[in-house]
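The structure under discussion appears below in the form of structure tokens.
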4 protein chains.
Amino acid sequence: MTDHHNEELLGLLDRIKEFLRTQVYPLETDFLRKPFRELTPALIAKREAVKALGLWAPHLPREHGGLGLSLSEFACVSEELGRTPIGHYLFNCQAPDIGNMEILLAHGTAEQKEKYFAPLARGEVRSCFSMTEPEHPGSNPTWMSTSAVKDGDDYVINGHKWFTSSAEGASFAIVMAITNPEATSQHKRASQIIVPIPTPGFNLVRNINVMGDEGSDYASHAEVRYENCRVPQTNLLGREGEGFAIAQERLGPGRIHHCMRWIGICERAFDLMCSYAARRELSPGKLLGSRQNVQEWIAESRAEINAARLLVLQTARAIDRNGAASVREDISLIKFFVAGILQKVLDRAIQVHGALGLTDATLLSYWYRHERAARIYDGPDEVHKIVVARSILRKYGVN
Amino acid sequence: MTDHHNEELLGLLDRIKEFLRTQVYPLETDFLRKPFRELTPALIAKREAVKALGLWAPHLPREHGGLGLSLSEFACVSEELGRTPIGHYLFNCQAPDIGNMEILLAHGTAEQKEKYFAPLARGEVRSCFSMTEPEHPGSNPTWMSTSAVKDGDDYVINGHKWFTSSAEGASFAIVMAITNPEATSQHKRASQIIVPIPTPGFNLVRNINVMGDEGSDYASHAEVRYENCRVPQTNLLGREGEGFAIAQERLGPGRIHHCMRWIGICERAFDLMCSYAARRELSPGKLLGSRQNVQEWIAESRAEINAARLLVLQTARAIDRNGAASVREDISLIKFFVAGILQKVLDRAIQVHGALGLTDATLLSYWYRHERAARIYDGPDEVHKIVVARSILRKYGVN
Amino acid sequence: MTDHHNEELLGLLDRIKEFLRTQVYPLETDFLRKPFRELTPALIAKREAVKALGLWAPHLPREHGGLGLSLSEFACVSEELGRTPIGHYLFNCQAPDIGNMEILLAHGTAEQKEKYFAPLARGEVRSCFSMTEPEHPGSNPTWMSTSAVKDGDDYVINGHKWFTSSAEGASFAIVMAITNPEATSQHKRASQIIVPIPTPGFNLVRNINVMGDEGSDYASHAEVRYENCRVPQTNLLGREGEGFAIAQERLGPGRIHHCMRWIGICERAFDLMCSYAARRELSPGKLLGSRQNVQEWIAESRAEINAARLLVLQTARAIDRNGAASVREDISLIKFFVAGILQKVLDRAIQVHGALGLTDATLLSYWYRHERAARIYDGPDEVHKIVVARSILRKYGVN
Amino acid sequence: MTDHHNEELLGLLDRIKEFLRTQVYPLETDFLRKPFRELTPALIAKREAVKALGLWAPHLPREHGGLGLSLSEFACVSEELGRTPIGHYLFNCQAPDIGNMEILLAHGTAEQKEKYFAPLARGEVRSCFSMTEPEHPGSNPTWMSTSAVKDGDDYVINGHKWFTSSAEGASFAIVMAITNPEATSQHKRASQIIVPIPTPGFNLVRNINVMGDEGSDYASHAEVRYENCRVPQTNLLGREGEGFAIAQERLGPGRIHHCMRWIGICERAFDLMCSYAARRELSPGKLLGSRQNVQEWIAESRAEINAARLLVLQTARAIDRNGAASVREDISLIKFFVAGILQKVLDRAIQVHGALGLTDATLLSYWYRHERAARIYDGPDEVHKIVVARSILRKYGVN
């Protein structure tokens, strides 16, 4: 570890670890058993504690109230926060808000920053990102039907989105819509537009039942219909036709965040697995951890998690140095590699727990359900593998 | 297929298939979205339809109102019913009732049969089987704490059970309890005792949250505390000390039932996967099914499901001929082999569906959650592998 | 087993088993350590013994000196013979001669049968099949460069082949060559032509070094150049343009033969693994077979081999009933399924043996090297998976 | 890469790469097709070239004629050298000599260093390490039968060893033998003793046939019988009873060497795979590399190799900082992790090459055969996994 971490960062990580262990882990049982909405008062209190400790918004520059960390430093923080399903939320660096903060900061006008970024950075509001459409595969992000047509000073938006995560309770959505259908490049047709909520025509149809759970509030994934939804043209984020480019920009660091969060989950699951193996008796005096198959799972998980972390941190440092565009292949590579390890580690941890692992007595069952999506969202494994391979084969002369 | 199926059986299977497709599949959306309890009126109506069609209780002898099928014939029926999560229930051959019917029929007194078996066979009541204890691993079934002590004409039962499936709404439980703690063989210490519900001291603590879902009624898994729960000694099933032997007897055919149900699930998931691959477009005119990775998953799944079915049916026929004791190794072998294939097929089917596969738009997400247990219940994979290997190594002279 | 085997067949299998165990296994050490050529005297003697026992050429009709077995019966024999790398050879049912016998019998003229089939069936000569070309992928069998051009009464053949197995010492080759380059269907361009050896212009360049071993005689794979190689047009096998169809016909049963031979190899490797696990001590008194990982490999291998056998036998019976064309999908399916299991079982058996498994003290190292090809020859896994998937997807309306 | 490499090291690696590419790769065909012995004149010439370039013995301190690299720097060199099977040999850092140099340098007397270390460091002689015994599992290194009994000023050694690699042509062996059978700790019973070759009683029985190949000279693995083999007691290396401790000391860096060599092999295999995929046509104009399965193998291999390298380098740096004892768990972890990846990458590269991959046209077949041992030598995967797991479980309170 000391390879990659300076003293200051290590101190920060220790403080976060301690806070999570003492202040946040005790909330997890409620998180598993109650609607998210019921937790919000407790979560608000904890967020105040985070602010009081000077740990708020670790991803943001200091001038915006954050810790001013580099991406690779934040990656280490993200791993720690990932150990608990409410970690990122409490530190105000949860998806999709973190991505929205990043693009508002990079592309927003002064007015947009004041109106949308600032309250988000302070944690006063939440937001959502409305891109995926049920009729089009997420693996082909330039193929979409939602349109934004100019009418007077406004855009009039029509379209059908889903997996607009955290829309319930959000103050605004950033929506991807085709504004330039005639553009020759299919990568130049869409724009990102800010839609305040409520706006007439922004219709939240339902929270989708995902893995048996509709969720609520922040912990939900909405189906949304945009029906003649009218917003002023000043709500355009960046320039017309840049929607896809901005989305891509968002995804590079976004995948580092996800990967490190998954590594945090892996570490917690690993800890649960070892801890249970070390205390559960198979017969009087004979520990579960004495079983060779359990030992193999422990060893393989340890190797895979360690390898995954090194790969992600290396990529994060490369982004810090040279920007995400320079390591597009590596970003795809970590996405499928770590998601695969996450699934294996969770599966082993559950198998070690037996029936207990299926219940809400641990976090394992929750993650097993909700992180199956890790191999799908932000591009399925298969797409990332193709991206990597094509990039490599180009070096061998294949176009 | 025709290898193993006579004409009569094929006719029966066709009728069942048709009934499921037209009468049962349409209920599945409600099954996925509503509490089980709300479905019961509709399910009762369908059960009447099953009776009217002469398809009721396919596992039972004709003299008890069933179809008089052999185990291997019933296995084929079980596969068909397994294609929908409510199939077995509608035909009154659902676990745990099917196992309880079997052991009551084999070991019950005339009075027990009339009082407990008959209404169960008619589908008027439900039952549960109370064996697993949270404090002891299911992999070591002879290690338990629940005791039944004689007091006058009664047994007084004390103990802590969980995963007593379908206890909510059941009319009676069959409970495993230590009656002969002094027996030299640990396999001779427990007995099975019928506990009518309600009986004072039979305390259903809660339905366990399993994979995020507490369930209700038939679709639930209870934690139960037996606290000075008193039942007459005439409620003993079989003889004292035979509890473990009867449980074993129950497990042989029980694993055939599970394995064939899983194969039914695999077939349905396979069908969903192929059907989606054959219609979902990746880009205009380019089908998902044109992707080589999807094709590999289809081919591998087809091979594995076919292989699994043959192995289970061969085992079922061996049980028909020579009894379960003759193929104990094979029963363990199919248990882990088919459960492993089930998980792989479900995982691939979800990956093919992408985000849609996580929602309640298909059965995949339900099965992904609830059949993770297949590798755990009735003995985890690891235990069955050891059983198989030890049995084989004995032939090589290892004791 | 008894499921699928009649009494007569069981008796035959027992006699073969006994012969192999007592007469053939003792030759294996020489097989592993000496050039094949040096073994031929001993092998000729054993072939005579096979004839004397009335076990010769089990695949051939009785009128041609064989046992008159159906394909599914021969499949069972093939498994037994597969347990030793010289089994098929000793019974004169070794590839490529078995395939050549089959197509000569089905398509040969009376003269061809007398001249080429008869001595082959009697085991007096050997033959080879010259199809694969180094410049073209085996996965695309219709793409080839070798041509046979009519000139007077002859064909003049030019081309470059490799993996013409057993060419060294063969009396004739059957060569695939383009005779009808103008045919609209690419499946109608090639013909099969018999080339006696020696014929001027049939130039055996070298035996290819395969897995470190050039081999010799029967146990070799030649690179062959056809350079103005001239044979009479009467050497055409079947009709012009039928070459591909005949090759396909050969492949159906051929894949059953291979698959059952692989299962024989699996069984022998399994036996070696169990036997070693049952006697090797890890420390005084502690057997290798007491290790849980070894037990898992034993159990998993047992399940996979059993499943593979059932799948292959089912396919063989379907071919017996309805011909190979009716189960083309199943034939592809068993090809990749069994080859994959073969590789896993061999790998586990070697790992159990440790360093010993790498040496020539067992057959494992030989098979590990030489059966890596199983996933490649007769169509690589990937091609068979595509064949299966496309066939399935057609049922879902995909063309 | 630049993360971990300083400018100087990068320059060195470039020079080595260039030398290998231009001077060494051209020798590989001969290496694959001829006995090692026949290559020695050419190899000696190349060794002189290495010396002339100032690249000799990169692992040795400058005062002993080496490059004075740290372990982590040498690890990077070792990866480069591993890309060709004769790389390490040409730079005089080949196993087992490198290990023998290390322990002679650390534990040898002045006289031993002059007599044994110095000519080895200069590349004038070769040596071997005689530890593994056929009758005892390598996984239990303290269980051995070879004994060295004091008699006058000598040790008289008796025992049976195998896999004494490179014994043929070696000038001396370092043999592990029990000198203190009465020691209470089984880790204190053995000593390492230098045996000059020839010495009466040092009997090289044979070169073992490993994966079909007896090899010769450096490229061989001998069976050796020590029969009253008498050497002076001054040939003791280190102190009596320290044999096991010295062997352990040797293994830490030794595993780094192996792992980085394997990564070099992986990189070469990866390069062969991509290069072939980028030029082989499946049909006119359609490249093998356009197949999605090939793309998946490329992407997965890239991820795994990158991850493996980071893990090994991190461990090497930890050894540089704190010694091997501090990271015993990590050394075990990389051993099985990288060996597993090596096998997967080689397997995929062969499958991409099809039949060609089985031949001696590429290095793949050689490595496939000879590096199957990677999962066995220096401790099989299973043992390393147990070492890792037990070490982890100790932190959870398990003894």
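Here's how to read the names in the structure tokens: chain A, B, ... by the order shown, residue numbers from 1 in each chain, ligand numbers from 1 in the order shown.
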
Each chain C residue no farther than 12 Å from chain A, nearest pair in Å, only C-alpha atoms, as a Markdown table:
```
| residue | atom | partner | partner_atom | distance |
| --- | --- | --- | --- | --- |
| C:Ser290 | CA | A:Gln292 | CA | 10.5 |
| C:Arg291 | CA | A:Gln292 | CA | 7.4 |
| C:Gln292 | CA | A:Gln292 | CA | 5.7 |
| C:Asn293 | CA | A:Asn293 | CA | 6.5 |
| C:Val294 | CA | A:Gln292 | CA | 9.9 |
| C:Gln295 | CA | A:Asn293 | CA | 10.2 |
| C:Glu296 | CA | A:Asn293 | CA | 8.7 |
| C:Trp297 | CA | A:Asn293 | CA | 11.3 |
```

Keeping C-alpha atoms, export the residues of the selection given above as an mmCIF file, in the first residue's frame.
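Everything below was put into again.cif:
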```
data_model
loop_
_atom_site.group_PDB
_atom_site.id
_atom_site.type_symbol
_atom_site.label_atom_id
_atom_site.label_comp_id
_atom_site.auth_asym_id
_atom_site.auth_seq_id
_atom_site.Cartn_x
_atom_site.Cartn_y
_atom_site.Cartn_z
ATOM 1 C CA SER C 290 -7.906 -36.547 1.902
ATOM 2 C CA ARG C 291 -7.366 -33.077 0.444
ATOM 3 C CA GLN C 292 -10.613 -31.341 -0.290
ATOM 4 C CA ASN C 293 -9.412 -29.834 -3.540
ATOM 5 C CA VAL C 294 -8.541 -33.293 -4.842
ATOM 6 C CA GLN C 295 -11.975 -34.468 -3.769
ATOM 7 C CA GLU C 296 -13.612 -31.617 -5.628
ATOM 8 C CA TRP C 297 -11.717 -32.468 -8.798
#
```

For this session: Find the residues around stretch 228-236 of chain B up to 10 Å (only C-alpha atoms counted), leave out those fewer than 5 positions away in its own chain, and share them as a PyMOL selection string.
Result: chain B and resi 107-109+111-112+147-159+174-175+191-196+199-203+243

Could those selected residues go to a file with N, CA and C atoms, as a compact mmCIF listing (two decimals), in the first residue's frame?
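Contents of out30.txt, as written:
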```txt
# COMPACT_ATOMS: atom_id res chain seq x y z
N HIS B 107 -44.61 -43.38 6.35
CA HIS B 107 -44.37 -43.64 7.77
C HIS B 107 -45.54 -43.28 8.68
N GLY B 108 -46.54 -42.61 8.14
CA GLY B 108 -47.62 -42.15 9.00
C GLY B 108 -48.52 -43.30 9.47
N THR B 109 -49.08 -43.12 10.64
CA THR B 109 -50.12 -44.05 11.11
C THR B 109 -51.40 -43.77 10.32
N GLU B 111 -54.16 -42.86 11.41
CA GLU B 111 -54.73 -41.61 11.92
C GLU B 111 -54.00 -40.39 11.37
N GLN B 112 -52.66 -40.49 11.36
CA GLN B 112 -51.87 -39.37 10.82
C GLN B 112 -52.18 -39.14 9.35
N SER B 147 -34.82 -30.07 21.11
CA SER B 147 -35.07 -31.32 21.83
C SER B 147 -36.57 -31.53 22.02
N ALA B 148 -36.95 -32.78 22.09
CA ALA B 148 -38.32 -33.15 22.41
C ALA B 148 -38.24 -34.12 23.59
N VAL B 149 -38.75 -33.69 24.70
CA VAL B 149 -38.65 -34.48 25.93
C VAL B 149 -40.03 -35.01 26.29
N LYS B 150 -40.09 -36.29 26.65
CA LYS B 150 -41.38 -36.87 27.02
C LYS B 150 -41.85 -36.34 28.38
N ASP B 151 -43.12 -36.06 28.42
CA ASP B 151 -43.69 -35.59 29.68
C ASP B 151 -45.15 -36.06 29.66
N GLY B 152 -45.45 -37.04 30.48
CA GLY B 152 -46.78 -37.65 30.40
C GLY B 152 -46.97 -38.28 29.05
N ASP B 153 -48.07 -37.99 28.41
CA ASP B 153 -48.33 -38.54 27.08
C ASP B 153 -47.78 -37.64 25.97
N ASP B 154 -47.10 -36.60 26.34
CA ASP B 154 -46.70 -35.59 25.36
C ASP B 154 -45.20 -35.60 25.11
N TYR B 155 -44.86 -34.91 24.02
CA TYR B 155 -43.49 -34.42 23.85
C TYR B 155 -43.52 -32.93 24.15
N VAL B 156 -42.48 -32.46 24.81
CA VAL B 156 -42.32 -31.02 25.02
C VAL B 156 -41.10 -30.58 24.22
N ILE B 157 -41.37 -29.75 23.24
CA ILE B 157 -40.33 -29.40 22.28
C ILE B 157 -39.80 -28.01 22.57
N ASN B 158 -38.46 -27.91 22.57
CA ASN B 158 -37.80 -26.62 22.71
C ASN B 158 -36.67 -26.53 21.68
N GLY B 159 -36.60 -25.39 21.04
CA GLY B 159 -35.53 -25.24 20.05
C GLY B 159 -35.76 -24.04 19.17
N ILE B 174 -43.67 -30.44 10.43
CA ILE B 174 -42.98 -31.64 10.88
C ILE B 174 -41.61 -31.17 11.35
N VAL B 175 -41.34 -31.41 12.62
CA VAL B 175 -40.14 -30.85 13.22
C VAL B 175 -39.15 -31.96 13.56
N SER B 191 -35.84 -37.44 16.07
CA SER B 191 -37.13 -37.97 15.60
C SER B 191 -37.86 -36.86 14.85
N GLN B 192 -38.85 -37.28 14.05
CA GLN B 192 -39.70 -36.30 13.39
C GLN B 192 -41.06 -36.30 14.09
N ILE B 193 -41.53 -35.14 14.42
CA ILE B 193 -42.76 -35.01 15.19
C ILE B 193 -43.67 -33.99 14.50
N ILE B 194 -44.94 -34.34 14.42
CA ILE B 194 -45.91 -33.44 13.80
C ILE B 194 -46.43 -32.44 14.83
N VAL B 195 -46.32 -31.16 14.45
CA VAL B 195 -46.81 -30.10 15.35
C VAL B 195 -47.93 -29.35 14.63
N PRO B 196 -49.17 -29.52 15.11
CA PRO B 196 -50.27 -28.75 14.49
C PRO B 196 -50.05 -27.26 14.71
N THR B 199 -50.16 -24.30 17.80
CA THR B 199 -50.00 -25.00 19.06
C THR B 199 -49.26 -24.03 19.97
N PRO B 200 -49.69 -23.86 21.22
CA PRO B 200 -48.95 -22.96 22.10
C PRO B 200 -47.47 -23.37 22.17
N GLY B 201 -46.61 -22.38 22.06
CA GLY B 201 -45.18 -22.67 22.08
C GLY B 201 -44.58 -22.82 20.70
N PHE B 202 -45.40 -22.90 19.67
CA PHE B 202 -44.90 -22.82 18.29
C PHE B 202 -44.96 -21.34 17.92
N ASN B 203 -43.81 -20.71 17.96
CA ASN B 203 -43.79 -19.25 17.77
C ASN B 203 -43.05 -18.87 16.49
N GLY B 243 -35.61 -40.11 12.85
CA GLY B 243 -35.79 -38.81 12.21
C GLY B 243 -34.80 -38.56 11.08
```

For this session: Grab the atom CA of C:Trp367 to atom CA of B:Asn306 distance for me, in Å with one decimal place.
Result: 27.2 Å

Exercise. Excluding same-chain residues fewer than 5 positions from C:Leu12, what lies within 9 Å of it counting only C-alpha atoms, as a PyMOL selection string?
Worked result: chain C and resi 7+17+55+77

Those residues you just picked out, can you put them in a file as an mmCIF file, in the first residue's frame with C-alpha atoms?
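The resulting file, part.cif, is shown below:
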```
data_model
loop_
_atom_site.group_PDB
_atom_site.id
_atom_site.type_symbol
_atom_site.label_atom_id
_atom_site.label_comp_id
_atom_site.auth_asym_id
_atom_site.auth_seq_id
_atom_site.Cartn_x
_atom_site.Cartn_y
_atom_site.Cartn_z
ATOM 1 C CA GLU C 7 -26.502 -57.994 -22.416
ATOM 2 C CA LYS C 17 -11.739 -54.492 -21.299
ATOM 3 C CA LEU C 55 -13.051 -58.636 -32.016
ATOM 4 C CA VAL C 77 -16.538 -49.985 -27.806
#
```

Exercise. When DSSP works through the backbone of this structure, what residues of stretch 264-369 of chain C end up as strand (DSSP E or B), shown as a list in words?
Worked result: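 Strand (DSSP E or B) assignments inside stretch 264-369 of chain C correspond to Glu281, Leu282, Ser283, Lys286, Leu287 and Thr359 of chain C.
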
For this session: Quick one: everything within 7 Å of A:Ser139, counting only C-alpha atoms, minus sequence neighbours fewer than 2 positions away in the same chain. Send it as an MDAnalysis selection string.
Result: chainID A and resid 137 141 379:380 383

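Near B:Tyr89, within 12 Å and counting only C-alpha atoms, sit Val24, Phe36, Leu39, Thr40, Leu43, Ile44, Lys46, Arg47, Val50, Trp56, Ala57, Pro58, Ser78, Leu81, Gly82, Ala95, Pro96, Asp97, Ile98, Gly123, Arg126, Ser166, Tyr218, Ala219 and Arg261 of chain B, not including residues fewer than 6 positions from it in the same chain.
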
Residues just named, written with C-alpha atoms as an mmCIF file, in the first residue's frame:
```
data_model
loop_
_atom_site.group_PDB
_atom_site.id
_atom_site.type_symbol
_atom_site.label_atom_id
_atom_site.label_comp_id
_atom_site.auth_asym_id
_atom_site.auth_seq_id
_atom_site.Cartn_x
_atom_site.Cartn_y
_atom_site.Cartn_z
ATOM 1 C CA VAL B 24 -50.312 -19.854 -15.923
ATOM 2 C CA PHE B 36 -47.944 -14.017 -2.756
ATOM 3 C CA LEU B 39 -52.394 -14.108 -5.578
ATOM 4 C CA THR B 40 -54.037 -16.878 -3.612
ATOM 5 C CA LEU B 43 -54.141 -19.570 -7.649
ATOM 6 C CA ILE B 44 -57.004 -21.439 -6.013
ATOM 7 C CA LYS B 46 -56.129 -22.422 -11.254
ATOM 8 C CA ARG B 47 -55.743 -25.367 -8.888
ATOM 9 C CA VAL B 50 -55.723 -28.474 -12.779
ATOM 10 C CA TRP B 56 -53.640 -32.940 -9.962
ATOM 11 C CA ALA B 57 -50.803 -34.161 -7.736
ATOM 12 C CA PRO B 58 -48.819 -35.940 -10.411
ATOM 13 C CA SER B 78 -41.391 -31.444 -12.750
ATOM 14 C CA LEU B 81 -43.755 -27.186 -14.035
ATOM 15 C CA GLY B 82 -40.387 -25.657 -13.208
ATOM 16 C CA ALA B 95 -41.817 -28.336 -1.711
ATOM 17 C CA PRO B 96 -42.034 -28.718 1.224
ATOM 18 C CA ASP B 97 -45.502 -30.247 0.961
ATOM 19 C CA ILE B 98 -44.451 -32.885 -1.557
ATOM 20 C CA GLY B 123 -54.641 -29.199 -1.417
ATOM 21 C CA ARG B 126 -50.279 -26.471 3.587
ATOM 22 C CA SER B 166 -43.885 -21.837 4.060
ATOM 23 C CA TYR B 218 -46.394 -20.060 0.903
ATOM 24 C CA ALA B 219 -43.566 -17.930 -0.458
ATOM 25 C CA ARG B 261 -37.340 -27.936 -11.550
#
```

Exercise. Which polymer residues have any atom within 9 Å of an atom of stretch 307-309 of chain B, counting only C-alpha atoms, with same-chain residues fewer than 6 positions away left out, as a PyMOL selection string?
Worked result: (chain B and resi 259-260+263+334+337-338+341) or (chain C and resi 304+306-311)

All residues 9 Å or closer to D:Asp330, only C-alpha atoms, same chain fewer than 5 positions away omitted, as a PDB file with C-alpha atoms, in the first residue's frame:
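out-v1.pdb written:
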```pdb
ATOM      1  CA  ALA A 303      -4.995 -12.103  -5.137  1.00  0.00           C
TER       2      ALA A 303
ATOM      3  CA  LEU D 311       1.227  -7.468  -8.359  1.00  0.00           C
ATOM      4  CA  VAL D 312       4.651  -9.018  -8.867  1.00  0.00           C
ATOM      5  CA  THR D 315       5.926  -7.636  -4.144  1.00  0.00           C
ATOM      6  CA  LYS D 335       3.058 -17.662  -7.499  1.00  0.00           C
ATOM      7  CA  VAL D 388      -2.074 -17.375   1.931  1.00  0.00           C
TER       8      VAL D 388
END
```

For this session: Could you pull out the residues in stretch 66-278 of chain B that DSSP calls alpha helix (DSSP H) from the backbone, as a PyMOL selection string?
Result: chain B and resi 71-82+87-90+97-107+110-112+118-121+243-277

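Note that the spacing between atom CA of B:Phe74 and atom CA of B:Glu267 amounts to 17.1 Å.
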
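Atom pair atom CA of C:Leu346 / atom CA of C:Ser365 has a distance of 8.5 Å (rounded to one decimal).
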
For this session: Using only C-alpha atoms, pick whichever of C:Leu20, C:Leu237, C:Ile208, C:Ala374 has the shortest atom-to-atom distance to C:Ala173.
Result: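 Closest to C:Ala173 of all the choices is C:Leu237.
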
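Each of B:Leu32, B:Gly68, B:Cys76, B:Gly238 was compared to B:Ala110 using only C-alpha atoms, and B:Gly238 turns out to be the nearest.
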